[in-house]
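Novice: My file is target-v8.tsv. It has TSV, C-alpha atoms and all ligand atoms:
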```
chain	number	residue	atom	x	y	z
A	6	MET	CA	-12.29	-110.83	66.92
A	7	ALA	CA	-14.28	-110.97	63.74
A	8	LYS	CA	-12.85	-112.65	60.66
A	9	ILE	CA	-12.57	-109.98	57.98
A	10	PHE	CA	-12.31	-110.25	54.21
A	11	LYS	CA	-12.30	-107.21	51.93
A	12	ALA	CA	-11.75	-106.43	48.28
A	13	THR	CA	-12.47	-103.76	45.69
A	14	HIS	CA	-12.20	-103.87	41.91
A	15	VAL	CA	-12.63	-101.29	39.15
A	16	GLY	CA	-14.70	-103.79	37.13
A	17	LYS	CA	-14.52	-104.47	33.41
A	18	VAL	CA	-16.03	-101.30	31.98
A	19	ARG	CA	-15.17	-98.25	34.10
A	20	GLN	CA	-11.87	-96.39	33.96
A	21	ASN	CA	-11.79	-95.33	37.61
A	22	ASN	CA	-12.73	-97.01	40.83
A	23	GLU	CA	-14.99	-94.51	42.63
A	24	ASP	CA	-15.71	-96.89	45.52
A	25	SER	CA	-13.91	-96.61	48.84
A	26	LEU	CA	-13.78	-98.90	51.84
A	27	ILE	CA	-12.17	-98.86	55.24
A	28	VAL	CA	-11.90	-101.16	58.25
A	29	ILE	CA	-11.57	-99.20	61.49
A	30	GLU	CA	-10.55	-100.84	64.76
A	31	PRO	CA	-12.46	-101.96	66.74
A	32	GLU	CA	-14.63	-103.94	64.32
A	33	THR	CA	-16.10	-101.13	62.26
A	34	PHE	CA	-16.61	-101.33	58.51
A	35	VAL	CA	-17.42	-98.68	55.90
A	36	VAL	CA	-18.20	-98.86	52.19
A	37	ALA	CA	-18.85	-95.79	50.03
A	38	ASP	CA	-19.78	-95.54	46.35
A	39	GLY	CA	-18.89	-92.15	44.89
A	40	MET	CA	-20.59	-90.38	42.02
A	41	GLY	CA	-19.82	-87.27	40.00
A	42	GLY	CA	-17.95	-86.22	36.88
A	43	ALA	CA	-14.20	-86.55	36.27
A	44	SER	CA	-12.63	-87.90	39.47
A	45	ALA	CA	-15.18	-86.25	41.75
A	46	GLY	CA	-16.80	-89.55	42.73
A	47	GLU	CA	-13.49	-90.84	44.02
A	48	VAL	CA	-12.94	-87.63	45.97
A	49	ALA	CA	-16.37	-87.89	47.60
A	50	SER	CA	-16.13	-91.54	48.64
A	51	GLN	CA	-12.55	-91.16	49.90
A	52	MET	CA	-13.54	-88.09	51.86
A	53	LEU	CA	-16.43	-89.99	53.42
A	54	VAL	CA	-14.21	-92.79	54.74
A	55	GLU	CA	-11.58	-90.30	55.95
A	56	VAL	CA	-14.10	-88.14	57.80
A	57	VAL	CA	-15.71	-91.20	59.41
A	58	LYS	CA	-12.33	-92.58	60.45
A	59	ASN	CA	-11.21	-89.27	61.96
A	60	PHE	CA	-14.51	-88.63	63.72
A	61	LEU	CA	-14.55	-92.11	65.28
A	62	SER	CA	-10.92	-91.86	66.35
A	63	GLU	CA	-11.92	-88.86	68.46
A	64	THR	CA	-15.02	-90.57	69.87
A	65	PRO	CA	-14.85	-93.24	72.58
A	66	ALA	CA	-16.17	-96.66	71.44
A	67	PRO	CA	-18.69	-98.32	71.41
A	68	TRP	CA	-19.89	-96.44	68.36
A	69	ASP	CA	-23.64	-96.83	68.34
A	70	GLU	CA	-25.93	-95.97	65.45
A	71	ASN	CA	-26.31	-92.35	66.59
A	72	ILE	CA	-22.54	-91.84	66.55
A	73	LEU	CA	-22.28	-93.50	63.12
A	74	ALA	CA	-25.07	-91.26	61.81
A	75	LYS	CA	-23.28	-88.22	63.24
A	76	ALA	CA	-20.17	-89.23	61.31
A	77	ILE	CA	-22.20	-89.38	58.09
A	78	HIS	CA	-23.75	-85.96	58.76
A	79	LEU	CA	-20.27	-84.53	59.32
A	80	ALA	CA	-19.05	-86.06	56.05
A	81	ASN	CA	-22.09	-84.59	54.31
A	82	GLU	CA	-21.14	-81.12	55.50
A	83	LYS	CA	-17.48	-81.48	54.51
A	84	ILE	CA	-18.11	-82.96	51.06
A	85	LEU	CA	-20.73	-80.31	50.36
A	86	ASN	CA	-18.33	-77.53	51.38
A	87	LEU	CA	-15.57	-78.89	49.14
A	88	ALA	CA	-17.99	-79.18	46.23
A	89	ARG	CA	-19.08	-75.57	46.72
A	90	GLN	CA	-15.46	-74.38	46.64
A	91	ASN	CA	-14.49	-76.29	43.49
A	92	GLU	CA	-16.54	-76.19	40.33
A	93	GLU	CA	-15.07	-79.51	39.15
A	94	TYR	CA	-16.57	-81.19	42.23
A	95	ASN	CA	-20.01	-79.73	41.71
A	96	GLY	CA	-22.73	-82.33	42.25
A	97	MET	CA	-20.42	-85.02	43.59
A	98	GLY	CA	-21.74	-87.33	46.27
A	99	THR	CA	-21.36	-90.74	47.79
A	100	THR	CA	-23.26	-93.53	49.44
A	101	ALA	CA	-22.30	-94.51	52.98
A	102	THR	CA	-22.93	-97.80	54.75
A	103	ILE	CA	-21.30	-98.29	58.15
A	104	LEU	CA	-21.46	-101.28	60.50
A	105	SER	CA	-19.89	-101.30	63.95
A	106	LEU	CA	-19.73	-104.40	66.17
A	107	ASP	CA	-19.36	-104.30	69.93
A	108	GLY	CA	-19.69	-107.53	71.86
A	109	THR	CA	-23.08	-108.93	70.93
A	110	GLN	CA	-24.34	-105.62	69.54
A	111	ALA	CA	-24.31	-104.52	65.91
A	112	TYR	CA	-24.91	-100.88	65.01
A	113	PHE	CA	-25.36	-99.49	61.53
A	114	ALA	CA	-26.04	-96.25	59.67
A	115	HIS	CA	-26.71	-95.85	55.99
A	116	VAL	CA	-27.42	-93.48	53.09
A	117	GLY	CA	-27.72	-94.50	49.43
A	118	ASP	CA	-27.82	-97.84	47.63
A	119	SER	CA	-24.81	-99.68	48.99
A	120	ARG	CA	-26.01	-102.46	51.25
A	121	LEU	CA	-25.56	-104.27	54.53
A	122	TYR	CA	-26.58	-107.93	54.57
A	123	LEU	CA	-26.70	-110.42	57.42
A	124	LEU	CA	-26.28	-114.14	56.77
A	125	ARG	CA	-27.71	-116.05	59.74
A	126	ASN	CA	-28.67	-119.73	59.77
A	127	LYS	CA	-28.11	-119.90	55.99
A	128	VAL	CA	-30.62	-117.09	55.36
A	129	LEU	CA	-29.37	-113.88	53.74
A	130	LYS	CA	-31.23	-110.76	54.87
A	131	GLN	CA	-30.76	-107.25	53.52
A	132	MET	CA	-30.58	-104.97	56.58
A	133	THR	CA	-30.51	-101.64	54.71
A	134	GLU	CA	-33.06	-100.14	52.36
A	135	ASP	CA	-31.83	-98.69	49.07
A	136	HIS	CA	-32.45	-94.96	48.80
A	137	SER	CA	-33.14	-95.34	45.12
A	138	TYR	CA	-35.96	-94.37	42.80
A	139	VAL	CA	-36.64	-97.98	41.77
A	140	GLU	CA	-36.75	-99.14	45.40
A	141	THR	CA	-39.45	-96.53	45.99
A	142	LEU	CA	-41.41	-98.12	43.14
A	143	VAL	CA	-40.87	-101.60	44.61
A	144	ARG	CA	-42.23	-100.43	47.96
A	145	ARG	CA	-45.27	-98.99	46.19
A	146	GLY	CA	-45.78	-102.34	44.49
A	147	GLU	CA	-45.14	-100.91	41.02
A	148	LEU	CA	-42.02	-103.01	40.35
A	149	THR	CA	-40.83	-106.43	41.50
A	150	GLU	CA	-37.35	-106.80	43.06
A	151	GLU	CA	-36.23	-108.61	39.92
A	152	GLU	CA	-37.56	-105.85	37.63
A	153	ALA	CA	-35.82	-103.27	39.84
A	154	ARG	CA	-32.48	-105.06	39.54
A	155	ILE	CA	-32.40	-104.58	35.76
A	156	HIS	CA	-34.37	-101.31	35.52
A	157	PRO	CA	-32.74	-98.59	33.35
A	158	MET	CA	-33.15	-96.06	36.19
A	159	LYS	CA	-31.75	-98.33	38.90
A	160	ASN	CA	-28.79	-95.99	39.44
A	161	VAL	CA	-30.93	-92.98	40.32
A	162	LEU	CA	-30.63	-92.24	44.03
A	163	ILE	CA	-33.19	-90.29	46.03
A	164	GLN	CA	-30.44	-89.18	48.39
A	165	ALA	CA	-26.65	-89.36	48.75
A	166	VAL	CA	-24.02	-87.88	51.07
A	167	GLY	CA	-22.55	-84.51	50.07
A	168	VAL	CA	-25.19	-83.28	47.62
A	169	ILE	CA	-27.59	-81.20	49.72
A	170	PRO	CA	-27.42	-79.94	53.35
A	171	GLU	CA	-30.36	-82.02	54.57
A	172	ILE	CA	-29.97	-85.80	54.61
A	173	PHE	CA	-31.90	-88.53	56.37
A	174	VAL	CA	-29.61	-91.22	57.72
A	175	ASP	CA	-31.16	-94.65	58.29
A	176	MET	CA	-29.83	-96.19	61.46
A	177	SER	CA	-30.53	-99.18	63.64
A	178	ASN	CA	-29.03	-101.83	65.90
A	179	PHE	CA	-29.55	-105.50	66.61
A	180	THR	CA	-28.09	-108.34	68.67
A	181	THR	CA	-25.60	-110.60	66.92
A	182	ALA	CA	-25.44	-114.39	67.18
A	183	LYS	CA	-22.55	-116.82	66.95
A	184	GLY	CA	-21.86	-117.65	63.31
A	185	ASP	CA	-23.36	-114.42	61.91
A	186	LEU	CA	-21.73	-113.22	58.72
A	187	PHE	CA	-22.02	-109.59	57.62
A	188	LEU	CA	-21.62	-108.31	54.09
A	189	LEU	CA	-21.21	-104.65	53.17
A	190	CYS	CA	-21.14	-104.02	49.43
A	191	THR	CA	-21.65	-101.48	46.69
A	192	ASP	CA	-24.23	-101.89	43.91
A	193	GLY	CA	-21.50	-103.13	41.56
A	194	LEU	CA	-22.03	-106.45	43.33
A	195	THR	CA	-25.80	-106.47	43.78
A	196	ASN	CA	-26.62	-105.28	40.25
A	197	MET	CA	-24.53	-108.13	38.86
A	198	VAL	CA	-25.11	-111.00	41.29
A	199	ASP	CA	-28.44	-112.06	42.79
A	200	ASP	CA	-29.00	-112.66	46.50
A	201	ALA	CA	-29.18	-116.46	46.16
A	202	THR	CA	-25.73	-116.56	44.55
A	203	ILE	CA	-24.33	-114.14	47.15
A	204	ALA	CA	-25.67	-116.39	49.94
A	205	GLU	CA	-24.16	-119.47	48.29
A	206	ILE	CA	-20.73	-117.83	47.95
A	207	LEU	CA	-20.76	-116.56	51.55
A	208	GLN	CA	-21.39	-120.11	52.76
A	209	THR	CA	-18.91	-121.94	50.58
A	210	ALA	CA	-15.97	-119.71	49.63
A	211	SER	CA	-12.78	-119.76	51.71
A	212	GLU	CA	-12.02	-116.22	50.48
A	213	PRO	CA	-15.57	-114.80	50.23
A	214	ALA	CA	-14.61	-111.22	49.30
A	215	ASP	CA	-12.49	-112.31	46.35
A	216	ALA	CA	-15.11	-114.85	45.31
A	217	LEU	CA	-17.89	-112.23	45.31
A	218	ILE	CA	-15.79	-109.86	43.19
A	219	GLU	CA	-15.04	-112.71	40.79
A	220	ALA	CA	-18.77	-113.46	40.49
A	221	ALA	CA	-19.50	-109.78	39.69
A	222	LEU	CA	-16.76	-109.73	37.05
A	223	GLN	CA	-17.99	-112.94	35.49
A	224	ALA	CA	-21.50	-111.47	35.31
A	225	GLY	CA	-20.14	-108.51	33.32
A	226	GLY	CA	-18.41	-106.31	35.89
A	227	LYS	CA	-20.24	-103.22	34.61
A	228	ASP	CA	-19.47	-101.14	37.68
A	229	ASN	CA	-16.87	-100.79	40.40
A	230	VAL	CA	-17.41	-103.49	42.99
A	231	THR	CA	-16.50	-103.39	46.67
A	232	VAL	CA	-17.18	-105.88	49.45
A	233	ILE	CA	-16.35	-106.35	53.11
A	234	VAL	CA	-17.26	-109.65	54.77
A	235	ALA	CA	-17.03	-109.93	58.55
A	236	GLY	CA	-17.83	-113.00	60.61
A	237	VAL	CA	-18.73	-113.21	64.29
A	238	ASP	CA	-16.92	-116.05	66.08
A	301	CA	CA	-21.69	-98.15	41.96
```
Give the structure from the file, written as structure tokens.
Ligand code: CA

Specialist:
Amino acid sequence: MAKIFKATHVGKVRQNNEDSLIVIEPETFVVADGMGGASAGEVASQMLVEVVKNFLSETPAPWDENILAKAIHLANEKILNLARQNEEYNGMGTTATILSLDGTQAYFAHVGDSRLYLLRNKVLKQMTEDHSYVETLVRRGELTEEEARIHPMKNVLIQAVGVIPEIFVDMSNFTTAKGDLFLLCTDGLTNMVDDATIAEILQTASEPADALIEAALQAGGKDNVTVIVAGVD
């Protein structure tokens, strides 16, 4: 069984925590970062984790990347329907990053700018691509990663779950290795703490989730911050 650490924090600036997370047995992890006025962001991210949990509970494991993507598509439909029925929820949406482990296989599906990282042999690798405007500029060579991290438009997403009917879910799988450590997190961590510091904390902290949140708060805690850390024995 994987060792699991998880934590979420409202941060130092925001009034509400619009992030949601869930750990689903067996060994499946979800983070979601909601957006939208009033409490709509919370509604969207909570709905995402609920829909994923319910869908997976009715689907025999292992949950490969296609099943995880199906869960995200279903959540997209349900959040969109709710938003259409309630004016206060208009325009709400959420990111979705899901990792499911089965034996030596890891499956993931993803929409938005929350992230999945893999720490293997002391090297931290981002497994997901941000669906953000600035990431598009980075890929075109118009911005460096460091410029993107502090760019005024860094919060602008090119897609999210629950906003429009058509979404493109990134999905993939890979083989795990003994000692692998996985991190799922919202941008409240990655906008505040750089990858080198994240890697350092993952390798040294006895309670890595709490330590990552603490690092984000110490760096300013401008956003809600959510992390799940899972280790393969
Ligand atoms: Ca956020």

Novice: At a cut-off of 6 Å around ligand CA 301 (chain A), and using all atoms listed in the file, what residues come up? Please write them as a compact mmCIF listing (two decimals) with C-alpha atoms, in the frame of the given file.

Specialist:
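Saved the output as out_25.txt:
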```txt
# COMPACT_ATOMS: atom_id res chain seq x y z
CA ASP A 38 -19.78 -95.54 46.35
CA THR A 191 -21.65 -101.48 46.69
CA ASP A 192 -24.23 -101.89 43.91
CA GLY A 193 -21.50 -103.13 41.56
CA ASP A 228 -19.47 -101.14 37.68
CA ASN A 229 -16.87 -100.79 40.40
```

Novice: Taking all atoms listed in the file into account, produce a table as a Markdown table in which each residue of segment 26-64 of chain A with an atom at most 6 Å from an atom of segment 94-104 of chain A appears once, together with its shortest atom pair and the distance in Å to one decimal, ordered by chain and rising number.

Specialist:
```
| residue | atom | partner | partner_atom | distance |
| --- | --- | --- | --- | --- |
| A:Thr33 | CA | A:Leu104 | CA | 5.6 |
| A:Phe34 | CA | A:Leu104 | CA | 5.2 |
| A:Val35 | CA | A:Ile103 | CA | 4.5 |
| A:Val36 | CA | A:Thr102 | CA | 5.5 |
| A:Ala37 | CA | A:Ala101 | CA | 4.7 |
| A:Asp38 | CA | A:Thr100 | CA | 5.1 |
| A:Gly39 | CA | A:Thr99 | CA | 4.1 |
| A:Met40 | CA | A:Gly98 | CA | 5.4 |
| A:Gly41 | CA | A:Met97 | CA | 4.3 |
| A:Ala45 | CA | A:Tyr94 | CA | 5.3 |
| A:Gly46 | CA | A:Met97 | CA | 5.9 |
| A:Ala49 | CA | A:Gly98 | CA | 5.6 |
| A:Ser50 | CA | A:Thr99 | CA | 5.4 |
```

Novice: Distance atom CA of Val139 of chain A-atom CA of Ile77 of chain A, one decimal place?

Specialist: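 Interatomic distance here is 23.4 Å.
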
Novice: Rank A:Ala182, A:Thr195, A:Thr133, A:Leu189 by their smallest atom-to-atom distance to Arg154 of chain A, using only C-alpha atoms, and report the top residue only.

Specialist: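 Ranking A:Ala182, A:Thr195, A:Thr133, A:Leu189 by distance to Arg154 of chain A, first place goes to A:Thr195.
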
Novice: Select, from A:Phe10, A:Gly16, A:Thr209, A:Leu106, the residue with the minimum atom-to-atom distance to Gln223 of chain A, counting all atoms listed in the file.

Specialist: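 Among the listed residues, the smallest separation from Gln223 of chain A belongs to A:Gly16.
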
Novice: With N, CA, C and O atoms as the atom set, please write segment 176-188 of chain A from the structure just given, as a PDB file, in the first residue's frame.

Specialist:
```pdb
ATOM      1  N   MET A 176      -4.356  12.356 -21.018  1.00  0.00           N
ATOM      2  CA  MET A 176      -4.285  11.114 -20.241  1.00  0.00           C
ATOM      3  C   MET A 176      -3.085  10.302 -20.676  1.00  0.00           C
ATOM      4  O   MET A 176      -2.639  10.387 -21.823  1.00  0.00           O
ATOM      5  N   SER A 177      -2.561   9.526 -19.723  1.00  0.00           N
ATOM      6  CA  SER A 177      -1.404   8.700 -20.038  1.00  0.00           C
ATOM      7  C   SER A 177      -1.217   7.646 -18.954  1.00  0.00           C
ATOM      8  O   SER A 177      -1.977   7.614 -17.984  1.00  0.00           O
ATOM      9  N   ASN A 178      -0.221   6.790 -19.139  1.00  0.00           N
ATOM     10  CA  ASN A 178       0.126   5.805 -18.120  1.00  0.00           C
ATOM     11  C   ASN A 178       1.623   5.546 -18.178  1.00  0.00           C
ATOM     12  O   ASN A 178       2.280   5.841 -19.179  1.00  0.00           O
ATOM     13  N   PHE A 179       2.160   5.040 -17.114  1.00  0.00           N
ATOM     14  CA  PHE A 179       3.572   4.674 -17.084  1.00  0.00           C
ATOM     15  C   PHE A 179       3.782   3.615 -16.016  1.00  0.00           C
ATOM     16  O   PHE A 179       2.892   3.356 -15.197  1.00  0.00           O
ATOM     17  N   THR A 180       4.963   2.994 -16.037  1.00  0.00           N
ATOM     18  CA  THR A 180       5.300   1.953 -15.067  1.00  0.00           C
ATOM     19  C   THR A 180       5.987   2.595 -13.873  1.00  0.00           C
ATOM     20  O   THR A 180       6.876   3.431 -14.039  1.00  0.00           O
ATOM     21  N   THR A 181       5.555   2.212 -12.676  1.00  0.00           N
ATOM     22  CA  THR A 181       6.151   2.789 -11.471  1.00  0.00           C
ATOM     23  C   THR A 181       7.400   1.996 -11.076  1.00  0.00           C
ATOM     24  O   THR A 181       7.619   0.885 -11.557  1.00  0.00           O
ATOM     25  N   ALA A 182       8.203   2.598 -10.200  1.00  0.00           N
ATOM     26  CA  ALA A 182       9.399   1.939  -9.670  1.00  0.00           C
ATOM     27  C   ALA A 182       9.390   2.085  -8.149  1.00  0.00           C
ATOM     28  O   ALA A 182       8.795   3.020  -7.616  1.00  0.00           O
ATOM     29  N   LYS A 183      10.048   1.141  -7.493  1.00  0.00           N
ATOM     30  CA  LYS A 183      10.154   1.194  -6.045  1.00  0.00           C
ATOM     31  C   LYS A 183      10.757   2.541  -5.630  1.00  0.00           C
ATOM     32  O   LYS A 183      11.719   2.998  -6.235  1.00  0.00           O
ATOM     33  N   GLY A 184      10.162   3.166  -4.632  1.00  0.00           N
ATOM     34  CA  GLY A 184      10.689   4.449  -4.157  1.00  0.00           C
ATOM     35  C   GLY A 184      10.087   5.666  -4.846  1.00  0.00           C
ATOM     36  O   GLY A 184      10.351   6.802  -4.443  1.00  0.00           O
ATOM     37  N   ASP A 185       9.273   5.459  -5.882  1.00  0.00           N
ATOM     38  CA  ASP A 185       8.613   6.597  -6.545  1.00  0.00           C
ATOM     39  C   ASP A 185       7.747   7.356  -5.543  1.00  0.00           C
ATOM     40  O   ASP A 185       7.069   6.762  -4.700  1.00  0.00           O
ATOM     41  N   LEU A 186       7.756   8.681  -5.706  1.00  0.00           N
ATOM     42  CA  LEU A 186       6.891   9.525  -4.894  1.00  0.00           C
ATOM     43  C   LEU A 186       6.071  10.389  -5.853  1.00  0.00           C
ATOM     44  O   LEU A 186       6.622  10.986  -6.778  1.00  0.00           O
ATOM     45  N   PHE A 187       4.761  10.404  -5.651  1.00  0.00           N
ATOM     46  CA  PHE A 187       3.881  11.193  -6.508  1.00  0.00           C
ATOM     47  C   PHE A 187       3.361  12.397  -5.740  1.00  0.00           C
ATOM     48  O   PHE A 187       3.043  12.284  -4.557  1.00  0.00           O
ATOM     49  N   LEU A 188       3.280  13.509  -6.439  1.00  0.00           N
ATOM     50  CA  LEU A 188       2.692  14.712  -5.855  1.00  0.00           C
ATOM     51  C   LEU A 188       1.592  15.211  -6.777  1.00  0.00           C
ATOM     52  O   LEU A 188       1.821  15.432  -7.967  1.00  0.00           O
TER      53      LEU A 188
END
```
